[in-house]
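To start, the structure under review is shown below, and the notes come after it.
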Amino acid sequence: MNLTIKNMLEATKGTLIQGDPDTSVKNLSIDTRTIRPKDFYLPLKGENFDGHEFIYQAIDKGALGFFKEKFWSNLKTEEILENYPEINVIEVDNTLVALQNLGRYQTAKISPKIIGVTGSVGKTTTKDMIAQVLEEDFSIHKTKGNFNNEVGLPLTLLNLQENHELAVLEMGMSDLGEIQTLVKLAPPNIAVITNIGSAHIQNLKSKENILKAKLEIASELKEGDVLLLNGDDPLLWSLRTMDTPYEKVFYGINKRNDFYPLEIREEDTGCEFQVQIAGEIRKFHIRLPGKHQIVNALSAIWIGCYYDMEYKYIQQGLGKVKISDMRFETHEISKAKIINDAYNASPESMEASIAVAKKMEGCRRILVLGDILELGEYSQEGHRKVGSFISKGGFHRLITKGTDSKWIGLEAIEQGFPSEMVEHVETNKKAAELLDRLLKQEDLVLIKGSRGMKMEEIIEILKKGRQQNA
């Protein structure tokens, strides 16, 4: 970010209450816990907090200035103006809208090509793969972590630099209209939809509505732009007959797609596969296990080809992709392999992880599964779906933790999984204690649940207990 206060006034249509319009601003902060000297503070409001209450803290920490909404206390404003005549103060109607307008302004100023990524499952991994490939040949900017919402995206955009040629942006949502807001800040040239799952079905009520919400990522695409769709997903495949001014490209394992792998070899530590590019068979390797990761990689390969990258650079980029924290992260405890896949969960992602674990080597395979949140009235159905999937075999023990996860075990038992091999607990501590009693050398354990379940605590408790008893 390299804006003047004059630029920020132009972007936000704000009013300069006090300060110098020619002052240069290098960084914007929304959090006084991490604010640095010379940052410009923008207070946001939430259900249980109001960032305006921390303006004095921002000033004490050396903030160059701050935004304020018109509603905020005139008395406090006058007090600040009197006591801090050097501070820059911009007044706006709404600070969240101001933040978004600043992100839009910076995007228009830098004008990079934009790749937008959304989907119910796999959007962060897909975004990381695309960025890693493109970084081999371009100066790129990407969403850090999952800064993919109405606050995170504009903050990401504000970090665009003059040298950035491409921006790979993750766009998330929990309801209709949210992605529409995001694409107006940074209209994509290429949009990617990874799949349509059950995440956020509590708000949206049906997968058809989830599709509608995800498809908002294409609302700003125009002639010459591209919408990349996972054609293995039935709902996304149904879009093939939809008339659009932009090009639609389908990718996936199924050979009905425009772009698909020819040969696949899966291992515990990754996958090898081949793709036909410009009439030649090309080989790729990724260090992430599971066919679903091959699907994610296909979108990155296609985009690399779209931007005329040489095969060797696409291959190099994919080879560098690493597993993110709590996404199929492997630990070894007492010579047993523990897979921490606890970042988040939906019925679809849980089944995908179970399918990968089922193929991995292990003396016994044990599942420790937590609640899948945000399913609303579909919760029992979603959990039972996972239980039915488990009942097809390949696992020796099932531990469920939480509340609604009990339906996973009940359905598995009803479908033939041995009842004596299923146990339900309510806390991570109980799950860790049970796993500690069960665990043997060479066992393989998959731990997965929604973010709110904090399933990674099971590994921490287990490690601590084993260290104390060593």
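Naming scheme: A, B, ... for chains in displayed order of the structure tokens; residues 1 onward per chain; ligands 1 onward as shown.
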
As a PDB file with N, CA and C atoms, in the first residue's frame, please: all residues of range 324-353 of chain A that backbone DSSP puts in alpha helix (DSSP H).
```
ATOM      1  N   PRO A 347     -19.478 -32.630   5.061  1.00  0.00           N
ATOM      2  CA  PRO A 347     -19.631 -34.057   4.728  1.00  0.00           C
ATOM      3  C   PRO A 347     -18.744 -34.473   3.558  1.00  0.00           C
ATOM      4  N   GLU A 348     -18.638 -33.607   2.555  1.00  0.00           N
ATOM      5  CA  GLU A 348     -17.860 -33.945   1.364  1.00  0.00           C
ATOM      6  C   GLU A 348     -16.365 -34.020   1.660  1.00  0.00           C
ATOM      7  N   SER A 349     -15.839 -33.037   2.407  1.00  0.00           N
ATOM      8  CA  SER A 349     -14.399 -33.042   2.692  1.00  0.00           C
ATOM      9  C   SER A 349     -14.043 -34.169   3.652  1.00  0.00           C
ATOM     10  N   MET A 350     -14.961 -34.504   4.561  1.00  0.00           N
ATOM     11  CA  MET A 350     -14.701 -35.604   5.488  1.00  0.00           C
ATOM     12  C   MET A 350     -14.626 -36.925   4.723  1.00  0.00           C
ATOM     13  N   GLU A 351     -15.537 -37.123   3.781  1.00  0.00           N
ATOM     14  CA  GLU A 351     -15.502 -38.341   2.966  1.00  0.00           C
ATOM     15  C   GLU A 351     -14.223 -38.408   2.133  1.00  0.00           C
ATOM     16  N   ALA A 352     -13.803 -37.265   1.589  1.00  0.00           N
ATOM     17  CA  ALA A 352     -12.582 -37.239   0.773  1.00  0.00           C
ATOM     18  C   ALA A 352     -11.367 -37.633   1.605  1.00  0.00           C
ATOM     19  N   SER A 353     -11.279 -37.118   2.825  1.00  0.00           N
ATOM     20  CA  SER A 353     -10.146 -37.442   3.699  1.00  0.00           C
ATOM     21  C   SER A 353     -10.184 -38.907   4.125  1.00  0.00           C
TER      22      SER A 353
END
```

List the spatial neighbours of Leu462 in chain A as a ChimeraX atom specification - criterion: any atom at most 8 Å away, only C-alpha atoms, same-chain residues fewer than 6 positions off excluded. /A:432-433,435-436

Any idea what's packed within 7 Å of range 172-179 of chain A, counting only C-alpha atoms, ignoring anything in its chain fewer than 3 positions away? Could you give it as a compact mmCIF listing (two decimals) with C-alpha atoms, in the first residue's frame?
```txt
# COMPACT_ATOMS: atom_id res chain seq x y z
CA THR A 118 -14.35 -20.14 -4.54
CA ASN A 148 -11.48 -14.35 1.96
CA ASN A 149 -14.43 -12.34 3.26
CA LEU A 182 -16.21 -9.27 -3.31
CA VAL A 183 -16.04 -9.47 -7.11
CA HIS A 200 -23.24 -23.13 4.87
CA ASN A 203 -28.09 -20.44 5.89
CA LEU A 204 -28.75 -21.29 2.26
CA ALA A 213 -24.13 -18.04 -4.24
CA GLU A 216 -21.74 -14.91 -8.13
CA ILE A 217 -17.98 -15.15 -8.71
```

Per residue of range 93-128 of chain A within 9 Å of range 282-302 of chain A, which atom pair is closest and at what distance in Å (one decimal), using only C-alpha atoms, listed by chain and increasing number, as a tab-separated table?
```
residue	atom	partner	partner_atom	distance
A:Gly122	CA	A:Asn296	CA	7.2
A:Lys123	CA	A:Asn296	CA	8.4
A:Thr125	CA	A:Asn296	CA	7.3
A:Thr126	CA	A:Asn296	CA	5.2
A:Lys127	CA	A:Ala300	CA	8.3
```

Would you put the residues from that selection into a file with C-alpha atoms, as a CSV table (one decimal), in the first residue's frame?
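Listing of out_18.csv after writing:
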```
chain,number,residue,atom,x,y,z
A,122,GLY,CA,-10.6,-27.0,-1.4
A,123,LYS,CA,-10.6,-23.3,-2.3
A,125,THR,CA,-5.5,-25.4,-1.4
A,126,THR,CA,-6.5,-24.6,-5.0
A,127,LYS,CA,-5.6,-20.9,-4.4
```

Write out as a ChimeraX atom specification which residues come within 9 Å of Asn2 in chain A when counting only C-alpha atoms, dropping same-chain ones fewer than 6 positions away. /A:24-27,106,158-159,161

Selection near Ala63 in chain A, 8 Å with only C-alpha atoms, sequence-local residues under 6 positions removed, as a ChimeraX atom specification: /A:35-41

Save the residues we just selected, N, CA and C atoms, as a PDB file, in the first residue's frame?
```pdb
ATOM      1  N   ILE A  35      -1.097  -3.069  15.643  1.00  0.00           N
ATOM      2  CA  ILE A  35      -0.804  -1.820  14.934  1.00  0.00           C
ATOM      3  C   ILE A  35       0.634  -1.382  15.201  1.00  0.00           C
ATOM      4  N   ARG A  36       1.252  -0.765  14.194  1.00  0.00           N
ATOM      5  CA  ARG A  36       2.631  -0.299  14.301  1.00  0.00           C
ATOM      6  C   ARG A  36       2.684   1.216  14.126  1.00  0.00           C
ATOM      7  N   PRO A  37       3.762   1.856  14.590  1.00  0.00           N
ATOM      8  CA  PRO A  37       3.898   3.299  14.375  1.00  0.00           C
ATOM      9  C   PRO A  37       3.782   3.646  12.893  1.00  0.00           C
ATOM     10  N   LYS A  38       3.104   4.748  12.603  1.00  0.00           N
ATOM     11  CA  LYS A  38       2.880   5.267  11.243  1.00  0.00           C
ATOM     12  C   LYS A  38       1.774   4.523  10.477  1.00  0.00           C
ATOM     13  N   ASP A  39       1.169   3.491  11.092  1.00  0.00           N
ATOM     14  CA  ASP A  39      -0.001   2.865  10.469  1.00  0.00           C
ATOM     15  C   ASP A  39      -1.190   3.809  10.553  1.00  0.00           C
ATOM     16  N   PHE A  40      -2.158   3.614   9.674  1.00  0.00           N
ATOM     17  CA  PHE A  40      -3.408   4.384   9.713  1.00  0.00           C
ATOM     18  C   PHE A  40      -4.485   3.435  10.224  1.00  0.00           C
ATOM     19  N   TYR A  41      -5.189   3.854  11.268  1.00  0.00           N
ATOM     20  CA  TYR A  41      -6.141   2.963  11.946  1.00  0.00           C
ATOM     21  C   TYR A  41      -7.545   3.103  11.368  1.00  0.00           C
TER      22      TYR A  41
END
```

Fewer than 3 positions away in the same chain doesn't count, so skip those; otherwise give me all residues within 9 Å of range 242-255 of chain A, counting only C-alpha atoms, as an mmCIF file with N, CA and C atoms, in the first residue's frame.
```cif
data_model
loop_
_atom_site.group_PDB
_atom_site.id
_atom_site.type_symbol
_atom_site.label_atom_id
_atom_site.label_comp_id
_atom_site.auth_asym_id
_atom_site.auth_seq_id
_atom_site.Cartn_x
_atom_site.Cartn_y
_atom_site.Cartn_z
ATOM 1 N N ALA A 218 -18.820 -15.340 -10.993
ATOM 2 C CA ALA A 218 -18.779 -15.123 -12.445
ATOM 3 C C ALA A 218 -19.559 -13.892 -12.873
ATOM 4 N N LEU A 221 -17.538 -11.428 -14.867
ATOM 5 C CA LEU A 221 -16.788 -11.924 -16.026
ATOM 6 C C LEU A 221 -17.393 -11.381 -17.316
ATOM 7 N N LYS A 222 -16.539 -11.117 -18.271
ATOM 8 C CA LYS A 222 -17.003 -10.581 -19.559
ATOM 9 C C LYS A 222 -16.395 -11.392 -20.704
ATOM 10 N N GLU A 223 -16.690 -10.999 -21.904
ATOM 11 C CA GLU A 223 -16.157 -11.699 -23.067
ATOM 12 C C GLU A 223 -14.626 -11.718 -23.012
ATOM 13 N N GLY A 224 -14.056 -12.888 -23.238
ATOM 14 C CA GLY A 224 -12.603 -13.042 -23.148
ATOM 15 C C GLY A 224 -12.149 -13.585 -21.812
ATOM 16 N N ASP A 225 -13.025 -13.550 -20.796
ATOM 17 C CA ASP A 225 -12.707 -14.109 -19.485
ATOM 18 C C ASP A 225 -13.075 -15.594 -19.459
ATOM 19 N N VAL A 226 -12.689 -16.279 -18.364
ATOM 20 C CA VAL A 226 -12.892 -17.731 -18.284
ATOM 21 C C VAL A 226 -13.453 -18.120 -16.919
ATOM 22 N N LEU A 227 -14.428 -19.030 -16.940
ATOM 23 C CA LEU A 227 -14.933 -19.652 -15.721
ATOM 24 C C LEU A 227 -14.490 -21.112 -15.727
ATOM 25 N N LEU A 228 -13.645 -21.478 -14.754
ATOM 26 C CA LEU A 228 -13.151 -22.849 -14.613
ATOM 27 C C LEU A 228 -14.027 -23.588 -13.614
ATOM 28 N N LEU A 229 -14.561 -24.737 -14.017
ATOM 29 C CA LEU A 229 -15.520 -25.467 -13.192
ATOM 30 C C LEU A 229 -15.091 -26.921 -13.025
ATOM 31 N N ASN A 230 -15.224 -27.432 -11.811
ATOM 32 C CA ASN A 230 -14.962 -28.843 -11.547
ATOM 33 C C ASN A 230 -16.123 -29.660 -12.115
ATOM 34 N N GLY A 231 -15.908 -30.249 -13.283
ATOM 35 C CA GLY A 231 -16.976 -30.976 -13.961
ATOM 36 C C GLY A 231 -17.327 -32.303 -13.332
ATOM 37 N N ASP A 232 -16.553 -32.757 -12.331
ATOM 38 C CA ASP A 232 -16.923 -33.971 -11.600
ATOM 39 C C ASP A 232 -18.087 -33.705 -10.652
ATOM 40 N N ASP A 233 -18.325 -32.436 -10.356
ATOM 41 C CA ASP A 233 -19.425 -32.043 -9.479
ATOM 42 C C ASP A 233 -20.713 -31.962 -10.307
ATOM 43 N N LEU A 236 -22.190 -28.403 -10.851
ATOM 44 C CA LEU A 236 -21.367 -27.570 -11.734
ATOM 45 C C LEU A 236 -21.430 -28.081 -13.176
ATOM 46 N N TRP A 237 -21.470 -29.392 -13.341
ATOM 47 C CA TRP A 237 -21.583 -29.962 -14.685
ATOM 48 C C TRP A 237 -22.892 -29.534 -15.354
ATOM 49 N N SER A 238 -23.924 -29.312 -14.539
ATOM 50 C CA SER A 238 -25.225 -28.909 -15.092
ATOM 51 C C SER A 238 -25.166 -27.536 -15.752
ATOM 52 N N LEU A 239 -24.090 -26.779 -15.501
ATOM 53 C CA LEU A 239 -23.952 -25.437 -16.088
ATOM 54 C C LEU A 239 -23.417 -25.473 -17.519
ATOM 55 N N ASP A 258 -13.189 -31.143 -20.137
ATOM 56 C CA ASP A 258 -12.270 -30.590 -21.139
ATOM 57 C C ASP A 258 -10.813 -30.877 -20.792
ATOM 58 N N PHE A 259 -10.524 -30.983 -19.486
ATOM 59 C CA PHE A 259 -9.146 -31.116 -19.010
ATOM 60 C C PHE A 259 -9.137 -32.171 -17.918
ATOM 61 N N TYR A 260 -8.435 -33.280 -18.130
ATOM 62 C CA TYR A 260 -8.488 -34.398 -17.187
ATOM 63 C C TYR A 260 -7.159 -35.154 -17.191
ATOM 64 N N PRO A 261 -6.869 -35.916 -16.119
ATOM 65 C CA PRO A 261 -5.621 -36.676 -16.050
ATOM 66 C C PRO A 261 -5.752 -38.004 -16.799
ATOM 67 N N LEU A 262 -4.634 -38.482 -17.344
ATOM 68 C CA LEU A 262 -4.651 -39.736 -18.105
ATOM 69 C C LEU A 262 -4.269 -40.927 -17.237
ATOM 70 N N LYS A 291 -7.078 -38.186 -4.727
ATOM 71 C CA LYS A 291 -7.504 -37.771 -6.064
ATOM 72 C C LYS A 291 -8.101 -36.370 -6.059
ATOM 73 N N HIS A 292 -8.722 -35.985 -4.941
ATOM 74 C CA HIS A 292 -9.305 -34.641 -4.889
ATOM 75 C C HIS A 292 -8.228 -33.569 -5.022
ATOM 76 N N ILE A 294 -5.552 -33.967 -6.919
ATOM 77 C CA ILE A 294 -5.245 -33.945 -8.356
ATOM 78 C C ILE A 294 -6.216 -33.010 -9.064
ATOM 79 N N VAL A 295 -7.483 -33.083 -8.679
ATOM 80 C CA VAL A 295 -8.494 -32.189 -9.272
ATOM 81 C C VAL A 295 -8.120 -30.733 -9.012
ATOM 82 N N ASN A 296 -7.727 -30.432 -7.771
ATOM 83 C CA ASN A 296 -7.298 -29.066 -7.457
ATOM 84 C C ASN A 296 -6.106 -28.650 -8.320
ATOM 85 N N LEU A 298 -5.303 -29.701 -11.277
ATOM 86 C CA LEU A 298 -5.659 -29.518 -12.687
ATOM 87 C C LEU A 298 -5.994 -28.067 -13.000
ATOM 88 N N SER A 299 -6.679 -27.398 -12.072
ATOM 89 C CA SER A 299 -7.025 -25.991 -12.314
ATOM 90 C C SER A 299 -5.767 -25.135 -12.391
ATOM 91 N N TRP A 302 -4.036 -25.817 -15.763
ATOM 92 C CA TRP A 302 -4.741 -25.169 -16.871
ATOM 93 C C TRP A 302 -4.441 -23.671 -16.899
#
```

Write down as a list in words the residues of range 316-394 of chain A whose backbone DSSP state falls under strand (DSSP E).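 After running DSSP on the backbone, range 316-394 of chain A has strand (DSSP E) at Glu329, Thr330, His331, Glu332, Ile333, Ala336, Lys337, Ile338, Ile339, Asn340, Arg365, Ile366, Leu367, Val368, Leu369 and Gly370 of chain A.
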
Nearby residues (only C-alpha atoms) at most 10 Å from Val133 in chain A, same-chain spacing under 3 positions excluded, as a list in words: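 That gives Asp128, Met129, Ile130, Glu136, Asp137, Phe138, Ala297, Ala300, Ile301, Ile303, Gly304, Met309, Tyr313, Ile314, Gln315, Gln316, Gly317, Leu318, Gly319, Lys320 and Val321 of chain A.
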
The selected residues should be written to file as a tab-separated table (two decimals), in the first residue's frame (atoms: C-alpha atoms).
```tsv
chain	number	residue	atom	x	y	z
A	128	ASP	CA	-2.25	-21.95	-3.04
A	129	MET	CA	-1.58	-24.33	-5.95
A	130	ILE	CA	-2.47	-21.72	-8.56
A	136	GLU	CA	7.45	-19.50	-11.11
A	137	ASP	CA	6.99	-17.04	-13.99
A	138	PHE	CA	5.20	-13.95	-12.65
A	297	ALA	CA	-3.96	-29.29	-9.28
A	300	ALA	CA	-3.52	-24.69	-11.54
A	301	ILE	CA	-2.04	-26.51	-14.55
A	303	ILE	CA	-4.20	-21.59	-15.66
A	304	GLY	CA	-0.43	-21.96	-16.08
A	309	MET	CA	3.97	-20.89	-19.00
A	313	TYR	CA	7.80	-24.11	-14.59
A	314	ILE	CA	4.29	-25.46	-14.04
A	315	GLN	CA	5.81	-28.75	-12.90
A	316	GLN	CA	8.28	-26.96	-10.59
A	317	GLY	CA	5.52	-24.88	-9.03
A	318	LEU	CA	3.26	-27.84	-8.30
A	319	GLY	CA	6.19	-29.73	-6.84
A	320	LYS	CA	6.70	-26.95	-4.29
A	321	VAL	CA	3.13	-26.96	-2.98
```

Interatomic distance between CA of Glu329 in chain A and CA of Gly116 in chain A?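 Calculated distance between CA of Glu329 in chain A and CA of Gly116 in chain A is 25.9 Å.
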